[in-house]
Amino acid sequence: MTESEALEIFKKAGGYLEGHFLLTSGLHSPAYVEKFKVLQHPEYCDALCEGIAEKFKDDKIDVVLGPAVGAIVLAYGTARALKTRGIFMERENGKFVLRRGFSIGPTERVLVVEDVVTTGSSVFEILDALPTERAEGRIAGVGYLVDRSGGKADFKVPRQAPLMHLDLPTFSPEACPLCAKGMELTKRGSRKLA
Ligand SMILES: [Zn+2]
């Protein structure tokens with residue numbers, strides 16, 4: 001899957017919104033990514049998971065692991081494409097742990113999946129929370145849908161593979177060209193488009 005094919009899926013599903021958005025950071029942006037608008041469609045979700053799986057098909061993956069909640073469907077979809085197990089970690093007292101009878105064997109090769117990486121903090125936490133040491137060769141890599149980090153999120157794994165990179169500009173309200181044009185501001189996550 002090429003970057004433009006992945007972006008096309010986001011656009012078709014209404015998960016890539018263009019307009020004038022107020023982000024939780026207080027900054028303004030001309031575009032916003034709403035991942036679950038895309039992942040709610042099994043055919044789009046499957047296509048994206050197959051795109052991630054394709055990047056790791058020769059890595060002898062034993063288990064695909066994602067952080068709850070966003071990456072649960074990605075872990076299962078990617079695992080299906082790779083014919084492996086798909087599991088997730090969830091927070092308990094603020095820390096990611098394996099629950100529900102999930103476990104990872106000491107020699108199993110792990111592929112970590114995520115949806116949108118901005119700072120990558122969830123992925124870093126998952127890597128640090130793995131039940132045994134991060135031995136070389138055990139973590140095959142990190143596959144994810146969108147890199148919004150501008151190249152800043154570096155997981156230091158053998159392979160780090162987003163389906164697409166999005167470098168979306170953000171502006172302070174005083175310096176926002178869309179405000180200057182008088183364009184109506186949409187709150188992040190709202191269905192209403194400016
Ligand atoms: Zn603005």
# chains A, B, ... in the order shown; residues from 1 in each chain; ligands from 1
$ closest_atom_pairs --of "segment 105-160 of chain A" --to "segment 1-25 of chain A" --cutoff "12 Å" --atoms "only C-alpha atoms" --output "Markdown table"
| residue | atom | partner | partner_atom | distance |
| --- | --- | --- | --- | --- |
| A:Val116 | CA | A:Gly15 | CA | 11.9 |
| A:Tyr144 | CA | A:Ala6 | CA | 11.3 |
| A:Leu145 | CA | A:Ala6 | CA | 8.1 |
| A:Val146 | CA | A:Ala6 | CA | 9.1 |
| A:Asp147 | CA | A:Glu3 | CA | 10.9 |
$ write_last_selection --atoms "C-alpha atoms" --output "PDB file, in the first residue's frame"
ATOM      1  CA  VAL A 116      -1.772   7.758  14.909  1.00  0.00           C
ATOM      2  CA  TYR A 144       1.174   2.204  12.398  1.00  0.00           C
ATOM      3  CA  LEU A 145      -1.302   4.136  10.318  1.00  0.00           C
ATOM      4  CA  VAL A 146      -0.184   7.743  10.474  1.00  0.00           C
ATOM      5  CA  ASP A 147       3.054   9.470  11.474  1.00  0.00           C
TER       6      ASP A 147
END
$ residues_near_ligand --ligand "ligand 1" --cutoff "9 Å" --atoms "only C-alpha atoms and all ligand atoms" --output "ChimeraX atom specification"
/A:20-22,27-30,170-185
$ select_by_dssp --residues "chain A" --states "helix (DSSP H, G or I)" --output "PyMOL selection string"
chain A and resi 3-12+35-39+42-55+72-82+121-129+173-175+177-180
$ closest_residue --among "A:Pro42, A:Gly66, A:Gly26, A:Gly101" --to "Ala129 of chain A" --atoms "only C-alpha atoms"
A:Gly66
$ closest_residue --among "A:Ile104, A:Lys156, A:Ala140, A:Val97" --to "Pro67 of chain A" --atoms "only C-alpha atoms"
A:Val97
$ residues_around --residues "Phe102 of chain A" --least-positions-apart "3" --cutoff "9 Å" --atoms "only C-alpha atoms" --output "ChimeraX atom specification"
/A:87-89,98-99
$ select_by_dssp --residues "segment 98-187 of chain A" --states "strand (DSSP E or B)" --output "number ranges by chain"
A: 98, 110-117, 139-147, 160-165, 171, 186-187
